[in-house]
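upload.tsv, holding TSV, N, CA and C atoms:
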chain	number	residue	atom	x	y	z
A	1	MET	N	8.45	4.11	4.08
A	1	MET	CA	7.02	4.32	3.90
A	1	MET	C	6.62	5.56	4.71
A	2	GLN	N	5.74	6.35	4.12
A	2	GLN	CA	5.28	7.56	4.77
A	2	GLN	C	3.76	7.63	4.72
A	3	ARG	N	3.20	8.39	5.65
A	3	ARG	CA	1.76	8.61	5.69
A	3	ARG	C	1.30	9.26	4.40
A	4	ASN	N	0.15	8.85	3.88
A	4	ASN	CA	-0.48	9.35	2.66
A	4	ASN	C	0.28	8.99	1.39
A	5	GLN	N	1.23	8.09	1.48
A	5	GLN	CA	1.99	7.66	0.31
A	5	GLN	C	1.25	6.53	-0.40
A	6	PHE	N	1.24	6.57	-1.74
A	6	PHE	CA	0.65	5.50	-2.54
A	6	PHE	C	1.75	4.52	-2.92
A	7	LEU	N	1.46	3.22	-2.76
A	7	LEU	CA	2.46	2.18	-3.03
A	7	LEU	C	1.84	1.00	-3.76
A	8	ASN	N	2.64	0.33	-4.57
A	8	ASN	CA	2.32	-1.00	-5.06
A	8	ASN	C	3.10	-1.95	-4.17
A	9	MET	N	2.43	-2.98	-3.65
A	9	MET	CA	3.04	-3.84	-2.65
A	9	MET	C	2.80	-5.30	-2.97
A	10	MET	N	3.82	-6.13	-2.76
A	10	MET	CA	3.68	-7.58	-2.77
A	10	MET	C	3.65	-8.00	-1.31
A	11	TYR	N	2.63	-8.78	-0.93
A	11	TYR	CA	2.40	-9.11	0.48
A	11	TYR	C	2.12	-10.60	0.61
A	12	ILE	N	2.69	-11.22	1.64
A	12	ILE	CA	2.41	-12.63	1.91
A	12	ILE	C	1.55	-12.73	3.17
A	13	ALA	N	0.40	-13.36	3.03
A	13	ALA	CA	-0.54	-13.52	4.14
A	13	ALA	C	-0.10	-14.66	5.06
A	14	LYS	N	-0.74	-14.76	6.22
A	14	LYS	CA	-0.42	-15.82	7.18
A	14	LYS	C	-0.58	-17.21	6.58
A	15	ASP	N	-1.53	-17.37	5.64
A	15	ASP	CA	-1.76	-18.68	5.03
A	15	ASP	C	-0.81	-18.98	3.87
A	16	GLY	N	0.12	-18.05	3.58
A	16	GLY	CA	1.11	-18.27	2.54
A	16	GLY	C	0.75	-17.72	1.17
A	17	ASN	N	-0.47	-17.20	1.02
A	17	ASN	CA	-0.88	-16.62	-0.26
A	17	ASN	C	-0.18	-15.28	-0.48
A	18	VAL	N	0.32	-15.09	-1.70
A	18	VAL	CA	0.99	-13.83	-2.06
A	18	VAL	C	0.03	-13.01	-2.91
A	19	SER	N	-0.07	-11.72	-2.60
A	19	SER	CA	-0.95	-10.85	-3.37
A	19	SER	C	-0.23	-9.56	-3.72
A	20	LYS	N	-0.66	-8.97	-4.84
A	20	LYS	CA	-0.16	-7.67	-5.25
A	20	LYS	C	-1.28	-6.68	-4.97
A	21	ARG	N	-0.95	-5.59	-4.27
A	21	ARG	CA	-1.97	-4.62	-3.87
A	21	ARG	C	-1.48	-3.20	-4.12
A	22	ARG	N	-2.41	-2.31	-4.43
A	22	ARG	CA	-2.12	-0.88	-4.46
A	22	ARG	C	-2.73	-0.32	-3.19
A	23	ILE	N	-1.92	0.37	-2.39
A	23	ILE	CA	-2.36	0.86	-1.09
A	23	ILE	C	-2.01	2.33	-0.91
A	24	LYS	N	-2.68	2.93	0.08
A	24	LYS	CA	-2.34	4.28	0.54
A	24	LYS	C	-2.13	4.18	2.04
A	25	ILE	N	-0.92	4.53	2.50
A	25	ILE	CA	-0.57	4.44	3.91
A	25	ILE	C	-1.40	5.42	4.73
A	26	ILE	N	-2.00	4.93	5.82
A	26	ILE	CA	-2.76	5.77	6.74
A	26	ILE	C	-1.91	6.09	7.97
A	27	LYS	N	-1.38	5.05	8.63
A	27	LYS	CA	-0.49	5.28	9.76
A	27	LYS	C	0.37	4.05	10.00
A	28	ILE	N	1.54	4.30	10.57
A	28	ILE	CA	2.49	3.24	10.90
A	28	ILE	C	2.61	3.18	12.41
A	29	VAL	N	2.41	1.98	12.98
A	29	VAL	CA	2.46	1.81	14.43
A	29	VAL	C	3.29	0.56	14.74
A	30	GLY	N	4.47	0.76	15.31
A	30	GLY	CA	5.32	-0.37	15.68
A	30	GLY	C	5.70	-1.23	14.49
A	31	ASP	N	5.32	-2.52	14.55
A	31	ASP	CA	5.68	-3.46	13.48
A	31	ASP	C	4.54	-3.69	12.48
A	32	SER	N	3.54	-2.79	12.49
A	32	SER	CA	2.44	-2.91	11.53
A	32	SER	C	2.06	-1.52	11.01
A	33	PHE	N	1.22	-1.52	9.98
A	33	PHE	CA	0.73	-0.24	9.46
A	33	PHE	C	-0.68	-0.42	8.94
A	34	GLN	N	-1.44	0.67	8.99
A	34	GLN	CA	-2.78	0.69	8.43
A	34	GLN	C	-2.71	1.37	7.08
A	35	ALA	N	-3.47	0.82	6.13
A	35	ALA	CA	-3.49	1.38	4.79
A	35	ALA	C	-4.84	1.11	4.16
A	36	TYR	N	-5.21	1.98	3.22
A	36	TYR	CA	-6.40	1.72	2.42
A	36	TYR	C	-5.96	0.85	1.26
A	37	CYS	N	-6.60	-0.30	1.09
A	37	CYS	CA	-6.28	-1.24	0.03
A	37	CYS	C	-7.27	-1.01	-1.12
A	38	PHE	N	-6.75	-0.57	-2.27
A	38	PHE	CA	-7.61	-0.32	-3.42
A	38	PHE	C	-8.12	-1.61	-4.05
A	39	SER	N	-7.40	-2.72	-3.86
A	39	SER	CA	-7.84	-4.02	-4.38
A	39	SER	C	-9.11	-4.49	-3.69
A	40	LYS	N	-9.13	-4.39	-2.37
A	40	LYS	CA	-10.28	-4.84	-1.57
A	40	LYS	C	-11.25	-3.71	-1.25
A	41	GLN	N	-10.84	-2.47	-1.51
A	41	GLN	CA	-11.62	-1.27	-1.24
A	41	GLN	C	-12.04	-1.17	0.22
A	42	VAL	N	-11.04	-1.37	1.08
A	42	VAL	CA	-11.28	-1.32	2.52
A	42	VAL	C	-9.96	-0.99	3.23
A	43	LYS	N	-10.05	-0.44	4.45
A	43	LYS	CA	-8.87	-0.17	5.27
A	43	LYS	C	-8.42	-1.49	5.90
A	44	ARG	N	-7.12	-1.75	5.82
A	44	ARG	CA	-6.56	-2.99	6.36
A	44	ARG	C	-5.33	-2.70	7.21
A	45	THR	N	-4.99	-3.64	8.09
A	45	THR	CA	-3.76	-3.58	8.86
A	45	THR	C	-2.81	-4.64	8.31
A	46	PHE	N	-1.58	-4.24	8.02
A	46	PHE	CA	-0.57	-5.13	7.45
A	46	PHE	C	0.62	-5.22	8.40
A	47	MET	N	1.25	-6.39	8.45
A	47	MET	CA	2.47	-6.58	9.22
A	47	MET	C	3.66	-6.23	8.33
A	48	ILE	N	4.55	-5.40	8.82
A	48	ILE	CA	5.70	-4.97	8.03
A	48	ILE	C	6.57	-6.16	7.63
A	49	GLU	N	6.72	-7.14	8.51
A	49	GLU	CA	7.56	-8.30	8.20
A	49	GLU	C	6.99	-9.17	7.08
A	50	SER	N	5.72	-9.00	6.73
A	50	SER	CA	5.09	-9.78	5.66
A	50	SER	C	5.12	-9.08	4.31
A	51	VAL	N	5.68	-7.88	4.27
A	51	VAL	CA	5.81	-7.15	3.00
A	51	VAL	C	7.01	-7.71	2.25
A	52	LEU	N	6.78	-8.20	1.04
A	52	LEU	CA	7.86	-8.77	0.23
A	52	LEU	C	8.56	-7.72	-0.61
A	53	ALA	N	7.79	-6.77	-1.15
A	53	ALA	CA	8.35	-5.71	-1.99
A	53	ALA	C	7.40	-4.52	-1.99
A	54	VAL	N	8.00	-3.32	-2.13
A	54	VAL	CA	7.22	-2.09	-2.16
A	54	VAL	C	7.80	-1.19	-3.24
A	55	VAL	N	6.91	-0.62	-4.07
A	55	VAL	CA	7.32	0.32	-5.10
A	55	VAL	C	6.42	1.54	-5.00
A	56	PRO	N	7.01	2.74	-4.84
A	56	PRO	CA	6.18	3.95	-4.78
A	56	PRO	C	5.47	4.20	-6.11
A	57	VAL	N	4.26	4.75	-6.02
A	57	VAL	CA	3.49	5.13	-7.20
A	57	VAL	C	3.66	6.63	-7.40
A	58	PHE	N	4.15	7.01	-8.57
A	58	PHE	CA	4.32	8.43	-8.89
A	58	PHE	C	3.27	8.82	-9.90
A	59	HIS	N	2.56	9.90	-9.61
A	59	HIS	CA	1.54	10.42	-10.52
A	59	HIS	C	2.15	11.57	-11.31
A	60	LYS	N	2.14	11.45	-12.62
A	60	LYS	CA	2.65	12.52	-13.47
A	60	LYS	C	1.47	13.30	-14.00
A	61	GLU	N	1.58	14.62	-13.91
A	61	GLU	CA	0.53	15.45	-14.48
A	61	GLU	C	0.81	15.64	-15.96
A	62	ARG	N	-0.22	15.60	-16.75
A	62	ARG	CA	-0.07	15.77	-18.18
A	62	ARG	C	-0.04	17.24	-18.53
A	63	GLU	N	0.84	17.57	-19.47
A	63	GLU	CA	0.95	18.94	-19.91
A	63	GLU	C	0.11	19.14	-21.17
A	64	VAL	N	-0.51	20.29	-21.28
A	64	VAL	CA	-1.24	20.64	-22.50
A	64	VAL	C	-0.32	21.52	-23.33
A	65	VAL	N	-0.09	21.10	-24.56
A	65	VAL	CA	0.84	21.84	-25.43
A	65	VAL	C	0.04	22.67	-26.40

Take the structure I supplied and represent it as structure tokens, if you would.
Amino acid sequence: MQRNQFLNMMYIAKDGNVSKRRIKIIKIVGDSFQAYCFSKQVKRTFMIESVLAVVPVFHKEREVV
């Protein structure tokens, strides 16, 4: 994971609920990271150990032919 990277993430909360989120990494500190969560539209702190899966989001630019 890198700063300013967009990711799709599967995350398990402390209460056991699993959610799928699209996030943008803000900063990584120790065993947690801050990210903007597009699902909740707010900055959140996530624990790295609670991340189940991460897939980078690639933006393709469209070509005009």

Test item: residues at most 9 Å from stretch 23-25 of chain A, only C-alpha atoms, excluding those fewer than 3 positions along its chain, as an MDAnalysis selection string: chainID A and resid 1:9 28 33:39

Would you put the residues from that selection into a file with N, CA and C atoms, as a tab-separated table (two decimals), keeping the file's coordinate frame?
chain	number	residue	atom	x	y	z
A	1	MET	N	8.45	4.11	4.08
A	1	MET	CA	7.02	4.32	3.90
A	1	MET	C	6.62	5.56	4.71
A	2	GLN	N	5.74	6.35	4.12
A	2	GLN	CA	5.28	7.56	4.77
A	2	GLN	C	3.76	7.63	4.72
A	3	ARG	N	3.20	8.39	5.65
A	3	ARG	CA	1.76	8.61	5.69
A	3	ARG	C	1.30	9.26	4.40
A	4	ASN	N	0.15	8.85	3.88
A	4	ASN	CA	-0.48	9.35	2.66
A	4	ASN	C	0.28	8.99	1.39
A	5	GLN	N	1.23	8.09	1.48
A	5	GLN	CA	1.99	7.66	0.31
A	5	GLN	C	1.25	6.53	-0.40
A	6	PHE	N	1.24	6.57	-1.74
A	6	PHE	CA	0.65	5.50	-2.54
A	6	PHE	C	1.75	4.52	-2.92
A	7	LEU	N	1.46	3.22	-2.76
A	7	LEU	CA	2.46	2.18	-3.03
A	7	LEU	C	1.84	1.00	-3.76
A	8	ASN	N	2.64	0.33	-4.57
A	8	ASN	CA	2.32	-1.00	-5.06
A	8	ASN	C	3.10	-1.95	-4.17
A	9	MET	N	2.43	-2.98	-3.65
A	9	MET	CA	3.04	-3.84	-2.65
A	9	MET	C	2.80	-5.30	-2.97
A	28	ILE	N	1.54	4.30	10.57
A	28	ILE	CA	2.49	3.24	10.90
A	28	ILE	C	2.61	3.18	12.41
A	33	PHE	N	1.22	-1.52	9.98
A	33	PHE	CA	0.73	-0.24	9.46
A	33	PHE	C	-0.68	-0.42	8.94
A	34	GLN	N	-1.44	0.67	8.99
A	34	GLN	CA	-2.78	0.69	8.43
A	34	GLN	C	-2.71	1.37	7.08
A	35	ALA	N	-3.47	0.82	6.13
A	35	ALA	CA	-3.49	1.38	4.79
A	35	ALA	C	-4.84	1.11	4.16
A	36	TYR	N	-5.21	1.98	3.22
A	36	TYR	CA	-6.40	1.72	2.42
A	36	TYR	C	-5.96	0.85	1.26
A	37	CYS	N	-6.60	-0.30	1.09
A	37	CYS	CA	-6.28	-1.24	0.03
A	37	CYS	C	-7.27	-1.01	-1.12
A	38	PHE	N	-6.75	-0.57	-2.27
A	38	PHE	CA	-7.61	-0.32	-3.42
A	38	PHE	C	-8.12	-1.61	-4.05
A	39	SER	N	-7.40	-2.72	-3.86
A	39	SER	CA	-7.84	-4.02	-4.38
A	39	SER	C	-9.11	-4.49	-3.69

Point-to-point distance in Å for atom CA of A:Phe58 and atom CA of A:Val29: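 Computing it gives 24.3 Å between the two atoms.
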
Surrounding residues of A:Ile12 excluding itself and chain neighbours under 3 positions, 5 Å, all atoms listed in the file, as a ChimeraX atom specification: /A:17-18,50

For atom CA of A:Asp31 and atom C of A:Thr45, the interatomic separation in Å (one decimal):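 Calculated distance between atom CA of A:Asp31 and atom C of A:Thr45 is 10.0 Å.
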
For atom C of A:Lys43 and atom CA of A:Tyr11, the interatomic separation in Å (one decimal): 14.3 Å

DSSP-assigned strand (DSSP E or B) members of chain A, reported as a VMD selection string: chain A and resid 6 to 12 18 to 29 32 to 37 42 to 47 51 to 56

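The residue that comes closest to A:Lys40, out of A:Gly16, A:Met10, A:Arg22, A:Lys27 and on the basis of only N, CA and C atoms, is A:Arg22.
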
Please fill the gaps in stretch 42-53 of chain A so it has all heavy atoms, and write that as a PDB file, in the coordinates of the input.
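selection.pdb was written with the following content:
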ATOM      1  N   VAL A  42     -11.040  -1.370   1.080  1.00  0.00           N
ATOM      2  CA  VAL A  42     -11.280  -1.320   2.520  1.00  0.00           C
ATOM      3  C   VAL A  42      -9.960  -0.990   3.230  1.00  0.00           C
ATOM      4  O   VAL A  42      -8.877  -1.226   2.701  1.00  0.00           O
ATOM      5  CB  VAL A  42     -11.874  -2.659   3.028  1.00  0.00           C
ATOM      6  CG1 VAL A  42     -10.865  -3.784   2.947  1.00  0.00           C
ATOM      7  CG2 VAL A  42     -12.444  -2.538   4.414  1.00  0.00           C
ATOM      8  N   LYS A  43     -10.050  -0.440   4.450  1.00  0.00           N
ATOM      9  CA  LYS A  43      -8.870  -0.170   5.270  1.00  0.00           C
ATOM     10  C   LYS A  43      -8.420  -1.490   5.900  1.00  0.00           C
ATOM     11  O   LYS A  43      -9.231  -2.249   6.421  1.00  0.00           O
ATOM     12  CB  LYS A  43      -9.210   0.849   6.347  1.00  0.00           C
ATOM     13  CG  LYS A  43      -8.027   1.279   7.181  1.00  0.00           C
ATOM     14  CD  LYS A  43      -8.343   2.445   8.084  1.00  0.00           C
ATOM     15  CE  LYS A  43      -9.240   2.032   9.212  1.00  0.00           C
ATOM     16  NZ  LYS A  43      -9.385   3.067  10.252  1.00  0.00           N
ATOM     17  N   ARG A  44      -7.120  -1.750   5.820  1.00  0.00           N
ATOM     18  CA  ARG A  44      -6.560  -2.990   6.360  1.00  0.00           C
ATOM     19  C   ARG A  44      -5.330  -2.700   7.210  1.00  0.00           C
ATOM     20  O   ARG A  44      -4.681  -1.683   7.037  1.00  0.00           O
ATOM     21  CB  ARG A  44      -6.109  -3.922   5.220  1.00  0.00           C
ATOM     22  CG  ARG A  44      -7.215  -4.433   4.331  1.00  0.00           C
ATOM     23  CD  ARG A  44      -7.616  -5.804   4.820  1.00  0.00           C
ATOM     24  NE  ARG A  44      -8.805  -6.280   4.166  1.00  0.00           N
ATOM     25  CZ  ARG A  44      -8.860  -7.360   3.403  1.00  0.00           C
ATOM     26  NH1 ARG A  44      -7.782  -8.050   3.141  1.00  0.00           N
ATOM     27  NH2 ARG A  44     -10.007  -7.752   2.897  1.00  0.00           N
ATOM     28  N   THR A  45      -4.990  -3.640   8.090  1.00  0.00           N
ATOM     29  CA  THR A  45      -3.760  -3.580   8.860  1.00  0.00           C
ATOM     30  C   THR A  45      -2.810  -4.640   8.310  1.00  0.00           C
ATOM     31  O   THR A  45      -3.196  -5.794   8.131  1.00  0.00           O
ATOM     32  CB  THR A  45      -4.022  -3.836  10.364  1.00  0.00           C
ATOM     33  OG1 THR A  45      -4.919  -2.823  10.840  1.00  0.00           O
ATOM     34  CG2 THR A  45      -2.737  -3.799  11.163  1.00  0.00           C
ATOM     35  N   PHE A  46      -1.580  -4.240   8.020  1.00  0.00           N
ATOM     36  CA  PHE A  46      -0.570  -5.130   7.450  1.00  0.00           C
ATOM     37  C   PHE A  46       0.620  -5.220   8.400  1.00  0.00           C
ATOM     38  O   PHE A  46       0.983  -4.238   9.036  1.00  0.00           O
ATOM     39  CB  PHE A  46      -0.079  -4.586   6.098  1.00  0.00           C
ATOM     40  CG  PHE A  46      -1.143  -4.491   5.052  1.00  0.00           C
ATOM     41  CD1 PHE A  46      -1.799  -3.290   4.823  1.00  0.00           C
ATOM     42  CD2 PHE A  46      -1.496  -5.584   4.290  1.00  0.00           C
ATOM     43  CE1 PHE A  46      -2.777  -3.184   3.853  1.00  0.00           C
ATOM     44  CE2 PHE A  46      -2.473  -5.492   3.313  1.00  0.00           C
ATOM     45  CZ  PHE A  46      -3.117  -4.291   3.097  1.00  0.00           C
ATOM     46  N   MET A  47       1.250  -6.390   8.450  1.00  0.00           N
ATOM     47  CA  MET A  47       2.470  -6.580   9.220  1.00  0.00           C
ATOM     48  C   MET A  47       3.660  -6.230   8.330  1.00  0.00           C
ATOM     49  O   MET A  47       3.752  -6.724   7.195  1.00  0.00           O
ATOM     50  CB  MET A  47       2.587  -8.034   9.706  1.00  0.00           C
ATOM     51  CG  MET A  47       1.452  -8.461  10.627  1.00  0.00           C
ATOM     52  SD  MET A  47       1.285  -7.444  12.108  1.00  0.00           S
ATOM     53  CE  MET A  47       2.815  -7.785  12.935  1.00  0.00           C
ATOM     54  N   ILE A  48       4.550  -5.400   8.820  1.00  0.00           N
ATOM     55  CA  ILE A  48       5.700  -4.970   8.030  1.00  0.00           C
ATOM     56  C   ILE A  48       6.570  -6.160   7.630  1.00  0.00           C
ATOM     57  O   ILE A  48       7.058  -6.220   6.500  1.00  0.00           O
ATOM     58  CB  ILE A  48       6.519  -3.905   8.809  1.00  0.00           C
ATOM     59  CG1 ILE A  48       5.691  -2.627   8.947  1.00  0.00           C
ATOM     60  CG2 ILE A  48       7.851  -3.611   8.118  1.00  0.00           C
ATOM     61  CD1 ILE A  48       6.305  -1.567   9.831  1.00  0.00           C
ATOM     62  N   GLU A  49       6.720  -7.140   8.510  1.00  0.00           N
ATOM     63  CA  GLU A  49       7.560  -8.300   8.200  1.00  0.00           C
ATOM     64  C   GLU A  49       6.990  -9.170   7.080  1.00  0.00           C
ATOM     65  O   GLU A  49       7.719  -9.970   6.489  1.00  0.00           O
ATOM     66  CB  GLU A  49       7.789  -9.160   9.455  1.00  0.00           C
ATOM     67  CG  GLU A  49       6.538  -9.835   9.965  1.00  0.00           C
ATOM     68  CD  GLU A  49       6.748 -10.609  11.254  1.00  0.00           C
ATOM     69  OE1 GLU A  49       7.744 -10.356  11.951  1.00  0.00           O
ATOM     70  OE2 GLU A  49       5.910 -11.464  11.562  1.00  0.00           O
ATOM     71  N   SER A  50       5.720  -9.000   6.730  1.00  0.00           N
ATOM     72  CA  SER A  50       5.090  -9.780   5.660  1.00  0.00           C
ATOM     73  C   SER A  50       5.120  -9.080   4.310  1.00  0.00           C
ATOM     74  O   SER A  50       4.636  -9.633   3.324  1.00  0.00           O
ATOM     75  CB  SER A  50       3.636 -10.105   6.039  1.00  0.00           C
ATOM     76  OG  SER A  50       3.605 -10.910   7.200  1.00  0.00           O
ATOM     77  N   VAL A  51       5.680  -7.880   4.270  1.00  0.00           N
ATOM     78  CA  VAL A  51       5.810  -7.150   3.000  1.00  0.00           C
ATOM     79  C   VAL A  51       7.010  -7.710   2.250  1.00  0.00           C
ATOM     80  O   VAL A  51       8.126  -7.718   2.771  1.00  0.00           O
ATOM     81  CB  VAL A  51       5.973  -5.636   3.248  1.00  0.00           C
ATOM     82  CG1 VAL A  51       6.216  -4.911   1.941  1.00  0.00           C
ATOM     83  CG2 VAL A  51       4.745  -5.084   3.958  1.00  0.00           C
ATOM     84  N   LEU A  52       6.780  -8.200   1.040  1.00  0.00           N
ATOM     85  CA  LEU A  52       7.860  -8.770   0.230  1.00  0.00           C
ATOM     86  C   LEU A  52       8.560  -7.720  -0.610  1.00  0.00           C
ATOM     87  O   LEU A  52       9.766  -7.776  -0.807  1.00  0.00           O
ATOM     88  CB  LEU A  52       7.312  -9.874  -0.683  1.00  0.00           C
ATOM     89  CG  LEU A  52       6.634 -11.046   0.027  1.00  0.00           C
ATOM     90  CD1 LEU A  52       6.023 -11.987  -0.979  1.00  0.00           C
ATOM     91  CD2 LEU A  52       7.637 -11.773   0.920  1.00  0.00           C
ATOM     92  N   ALA A  53       7.790  -6.770  -1.150  1.00  0.00           N
ATOM     93  CA  ALA A  53       8.350  -5.710  -1.990  1.00  0.00           C
ATOM     94  C   ALA A  53       7.400  -4.520  -1.990  1.00  0.00           C
ATOM     95  O   ALA A  53       6.188  -4.683  -1.887  1.00  0.00           O
ATOM     96  CB  ALA A  53       8.552  -6.204  -3.413  1.00  0.00           C
TER      97      ALA A  53
END
